[in-house]
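**Student:** Structure file protein-v2.cif (mmCIF, C-alpha atoms) is given on the next line.
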data_upload
#
loop_
_atom_site.label_atom_id
_atom_site.label_comp_id
_atom_site.auth_asym_id
_atom_site.auth_seq_id
_atom_site.Cartn_x
_atom_site.Cartn_y
_atom_site.Cartn_z
CA MET D 20 5.23 -1.95 15.97
CA PHE D 21 3.28 -4.26 13.71
CA VAL D 22 2.85 -3.80 10.01
CA ASP D 23 -0.03 -5.01 7.87
CA GLY D 24 -0.42 -5.13 4.09
CA VAL D 25 -2.65 -2.05 3.87
CA SER D 26 -0.13 -0.04 5.89
CA LEU D 27 2.68 -1.13 3.56
CA LEU D 28 0.62 0.03 0.58
CA ASP D 29 -0.02 3.35 2.35
CA PHE D 30 3.75 3.68 2.94
CA VAL D 31 4.20 3.33 -0.83
CA SER D 32 1.69 6.10 -1.40
CA ALA D 33 3.41 8.35 1.13
CA ALA D 34 6.88 7.60 -0.24
CA ASN D 35 5.82 8.66 -3.72
CA HIS D 36 3.84 11.77 -2.75
CA MET D 37 5.34 13.35 0.37
CA ASP D 38 7.41 16.53 0.22
CA THR D 39 9.75 17.88 2.90
CA GLU D 40 7.26 20.27 4.50
CA LYS D 41 4.66 17.55 4.85
CA THR D 42 7.30 15.21 6.29
CA PHE D 43 8.23 17.68 9.04
CA THR D 44 4.57 18.42 9.77
CA ALA D 45 3.86 14.69 10.03
CA PHE D 46 6.88 14.24 12.31
CA HIS D 47 5.73 17.09 14.56
CA ASN D 48 2.19 15.73 14.75
CA GLN D 49 3.48 12.25 15.47
CA GLN D 50 5.47 13.63 18.39
CA LYS D 51 2.45 15.57 19.72
CA THR D 52 0.14 12.56 19.60
CA GLY D 53 2.59 10.31 21.42
CA PHE D 54 3.52 7.84 18.69
CA VAL D 55 7.03 6.49 19.10
CA SER D 56 7.77 6.62 15.39
CA MET D 57 6.46 7.90 12.09
CA TYR D 58 5.67 4.30 11.17
CA GLU D 59 3.36 3.81 14.14
CA ALA D 60 1.53 7.04 13.26
CA ARG D 61 1.14 5.92 9.62
CA ILE D 62 -0.12 2.49 10.64
CA ALA D 63 -2.69 4.07 12.96
CA LEU D 64 -3.79 6.38 10.15
CA SER D 65 -3.99 3.56 7.60
CA THR D 66 -6.53 1.77 9.78
CA GLN D 67 -8.84 4.76 9.31
CA HIS D 68 -9.01 4.23 5.55
CA LEU D 69 -11.50 1.90 3.94
CA PHE D 70 -9.12 1.35 1.04
CA PRO D 71 -5.32 1.59 0.61
CA MET D 72 -4.53 5.16 -0.46
CA VAL D 73 -2.09 3.96 -3.13
CA PHE D 74 -5.14 3.01 -5.21
CA GLY D 75 -6.49 6.57 -4.96
CA ARG D 76 -9.30 8.36 -3.19
CA ALA D 77 -12.85 7.61 -4.21
CA THR D 78 -14.91 10.65 -5.20
CA SER D 79 -18.05 8.96 -3.94
CA PRO D 80 -18.50 8.31 -0.22
CA ASN D 81 -19.60 4.81 -1.18
CA LEU D 82 -16.67 2.89 -2.69
CA ASP D 83 -19.11 0.49 -4.37
CA ASP D 84 -20.31 3.34 -6.64
CA CYS D 85 -16.89 3.50 -8.33
CA GLN D 86 -16.43 1.43 -11.47
CA TYR D 87 -12.65 1.42 -11.29
CA LEU D 88 -9.91 1.84 -8.73
CA PRO D 89 -9.72 5.66 -8.36
CA ALA D 90 -6.01 5.95 -9.24
CA LEU D 91 -6.29 3.29 -11.94
CA PRO D 92 -9.05 4.11 -14.43
CA ASP D 93 -7.42 1.77 -16.95
CA ALA D 94 -5.02 -1.17 -16.98
CA ASN D 95 -2.19 0.87 -18.52
CA ARG D 96 -1.80 2.81 -15.30
CA TRP D 97 -1.38 -0.47 -13.45
CA ASP D 98 1.23 -2.16 -15.62
CA SER D 99 2.87 -0.18 -18.41
CA GLY D 100 6.54 -0.02 -17.59
CA THR D 101 8.44 2.24 -15.23
CA THR D 102 5.63 4.78 -14.81
CA SER D 103 3.03 2.22 -13.72
CA LEU D 104 1.74 1.78 -10.19
CA HIS D 105 2.78 -1.87 -10.16
CA TYR D 106 6.39 -0.85 -10.87
CA GLN D 107 6.24 1.90 -8.22
CA ILE D 108 4.95 -0.54 -5.61
CA ASP D 109 7.68 -3.09 -6.40
CA LYS D 110 10.39 -0.41 -6.33
CA SER D 111 9.17 1.33 -3.17
CA LEU D 112 8.57 -1.89 -1.26
CA VAL D 113 12.30 -2.63 -1.09
CA ASP D 114 13.13 0.76 0.45
CA ILE D 115 10.15 0.71 2.79
CA THR D 116 11.06 -2.77 4.00
CA VAL D 117 14.59 -1.65 4.91
CA GLN D 118 13.21 1.40 6.73
CA VAL D 119 10.60 -0.59 8.67
CA GLU D 120 13.13 -3.31 9.57
CA SER D 121 15.44 -0.62 10.90
CA ALA D 122 12.62 0.92 12.93
CA ILE D 123 11.69 -2.49 14.35
CA ASP D 124 15.31 -3.14 15.32
CA THR D 125 15.56 0.26 17.02
CA ILE D 126 12.20 0.32 18.80
CA LEU D 127 12.21 -3.32 19.88
CA LEU D 128 15.91 -3.59 20.67
CA ASP D 129 15.30 -4.90 24.19
CA SER D 130 12.54 -7.37 23.34
CA LEU D 131 13.66 -10.24 21.16
CA GLU D 132 10.23 -11.90 21.11
CA ALA D 133 8.38 -8.71 20.13
CA ARG D 134 11.02 -8.00 17.48
CA GLN D 135 10.55 -11.48 16.00
CA ILE D 136 6.75 -11.10 15.90
CA ALA D 137 7.06 -7.68 14.23
CA MET D 138 9.47 -9.08 11.62
CA GLU D 139 7.09 -11.97 10.90
CA CYS D 140 4.24 -9.48 10.46
CA LEU D 141 6.39 -7.48 8.05
CA ILE D 142 7.28 -10.58 6.03
CA GLU D 143 3.62 -11.67 5.84
CA SER D 144 2.58 -8.15 4.85
CA LYS D 145 5.17 -8.07 2.06
CA CYS D 146 3.85 -11.42 0.83
CA PHE D 147 0.29 -10.06 0.89
CA VAL D 148 1.29 -7.01 -1.19
CA ALA D 149 3.22 -9.17 -3.67
CA GLU D 150 0.33 -11.62 -3.99
CA LEU D 151 -2.16 -8.78 -4.43
CA CYS D 152 -0.06 -7.30 -7.23
CA HIS D 153 0.23 -10.71 -8.86
CA PHE D 154 -3.52 -11.25 -8.50
CA ILE D 155 -4.32 -7.91 -10.16
CA SER D 156 -2.12 -8.67 -13.16
CA GLN D 157 -3.27 -12.27 -13.48
CA ASP D 158 -6.96 -11.50 -13.04
CA TYR D 159 -6.88 -8.80 -15.71
CA SER D 160 -5.05 -11.14 -18.07
CA LYS D 161 -7.55 -13.94 -17.38
CA TRP D 162 -10.53 -11.74 -18.30
CA LEU D 163 -8.81 -10.57 -21.46
CA HIS D 164 -8.23 -14.19 -22.50
CA CYS D 165 -11.91 -14.94 -21.82
CA GLY D 166 -12.79 -12.53 -24.62
CA HIS D 167 -13.60 -9.37 -22.66
CA SER D 168 -12.44 -6.01 -23.95
CA SER D 169 -9.61 -4.27 -22.10
CA LYS D 170 -12.10 -1.86 -20.50
CA GLU D 171 -14.44 -4.66 -19.37
CA ALA D 172 -11.57 -6.82 -18.08
CA TRP D 173 -10.16 -3.92 -16.06
CA LYS D 174 -13.59 -3.10 -14.64
CA ILE D 175 -14.05 -6.71 -13.46
CA THR D 176 -10.56 -6.76 -11.95
CA SER D 177 -11.18 -3.43 -10.19
CA VAL D 178 -14.35 -4.79 -8.62
CA CYS D 179 -12.49 -7.89 -7.45
CA VAL D 180 -9.72 -5.82 -5.88
CA ARG D 181 -12.18 -3.57 -4.07
#
Hey, can you dump this file as structure tokens for me?

**Tutor:**
Amino acid sequence: MFVDGVSLLDFVSAANHMDTEKTFTAFHNQQKTGFVSMYEARIALSTQHLFPMVFGRATSPNLDDCQYLPALPDANRWDSGTTSLHYQIDKSLVDITVQVESAIDTILLDSLEARQIAMECLIESKCFVAELCHFISQDYSKWLHCGHSSKEAWKITSVCVR
């Protein structure tokens, strides 16, 4: 079980938007398809996405046609207190990390080397997510300080993130 940054971001999306019925359906489907855990199934699914789902679904089949990140049409949705996506990612990442660490310990109990590699992947993925969040905030702030309007600065940052 290896975890990448995009999968961690997809876990955040799932943690914030999954109800009980969908959880049981996902568990059933994961069992039918032969995945050992829900995490493996989610990781496999996340590789099918062009873009982390936490940033929203593009309405256009071509992501380059979008001016902004689909779930973040303005900077306030990114960083405006406890309702912002940045806050939700930070908050969810702690819980998701504990869950994934537990799954790694359980699944890779008999293989110390594989467990160590999976933990290193998890640590690197967490660093990637943290650095991406920092980049988004810093890049937006940089463009604002260069004299761009909030709308223009957010548009430039969105393009950079995509």

**Student:** Ranking D:Lys161, D:Ala133, D:Cys179, D:Leu141 by minimum distance to D:Gln118 and counting all atoms listed in the file, which one comes first?

**Tutor:**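 Once distances to D:Gln118 are computed over all atoms listed in the file, the minimum belongs to D:Leu141.
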
**Student:** Find the residues near D:Tyr159: any atom within 8 Å, counting only C-alpha atoms, skip ones fewer than 4 places away on the same chain, and give them as a PDB file with C-alpha atoms, in the frame of the given file.

**Tutor:**
ATOM      1  CA  ALA D  94      -5.020  -1.170 -16.980  1.00  0.00           C
ATOM      2  CA  ILE D 155      -4.320  -7.910 -10.160  1.00  0.00           C
ATOM      3  CA  LEU D 163      -8.810 -10.570 -21.460  1.00  0.00           C
ATOM      4  CA  ALA D 172     -11.570  -6.820 -18.080  1.00  0.00           C
ATOM      5  CA  TRP D 173     -10.160  -3.920 -16.060  1.00  0.00           C
ATOM      6  CA  ILE D 175     -14.050  -6.710 -13.460  1.00  0.00           C
ATOM      7  CA  THR D 176     -10.560  -6.760 -11.950  1.00  0.00           C
TER       8      THR D 176
END

**Student:** Could you give me, as a count of residues only, the residues within 7 Å of D:Phe74, counting all atoms listed in the file and dropping anything in the same chain fewer than 6 positions from it?

**Tutor:** 4

**Student:** Just checking: using all atoms listed in the file, which residue out of D:Ala149, D:Val25, D:Ala137, D:Ile142 ends up closest to D:Lys110?

**Tutor:**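 Selected residue with least distance to D:Lys110: D:Ala149.
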
**Student:** As an exercise, work out the distance from atom CA of D:Ser177 to atom CA of D:Thr116 in Å and give it to one decimal place.

**Tutor:** 26.4 Å

**Student:** What do you get, as number ranges by chain, if you spell out every residue that the PyMOL selection byres ((chain D and resi 120) around 12) selects here?

**Tutor:** D: 20-22, 58, 112-119, 121-128, 134-142, 145

**Student:** Rounded to one decimal place, report the atom CA of D:Arg76-atom CA of D:His167 distance in Å.

**Tutor:**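 Atom-to-atom, atom CA of D:Arg76 and atom CA of D:His167 are spaced 26.7 Å apart.
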
**Student:** Enter the distance from atom CA of D:Ser103 to atom CA of D:Asp23, in Å, rounded to one decimal.

**Tutor:**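 Between these atoms lies a distance of 23.0 Å.
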
**Student:** Which residue is closest to D:Glu171? Choose from D:Pro92, D:Pro71, D:Gly100, D:Gly24 and count all atoms listed in the file.

**Tutor:** D:Pro92

**Student:** Padding 3 Å on each side, edges along x, y and z: where is the centre of the box around the listed atoms of stretch 97-110 of chain D, and how long are its edges in Å to one decimal? Output it as lines of an AutoDock Vina configuration file.

**Tutor:**
center_x = 4.5
center_y = 0.8
center_z = -12.0
size_x = 17.8
size_y = 13.9
size_z = 18.8

**Student:** Residues picked by the PyMOL selection byres ((chain D and resi 152) around 10) here, as a count of residues only?

**Tutor:** 20

**Student:** From the list D:Gln86, D:Asn95, D:Cys165, D:Val73, which residue is nearest D:Ser26 when using all atoms listed in the file?

**Tutor:** D:Val73

**Student:** Taking all atoms listed in the file into account, which of D:Gln107, D:Thr101, D:Tyr87, D:Val31 comes nearest D:Met72?

**Tutor:** D:Val31
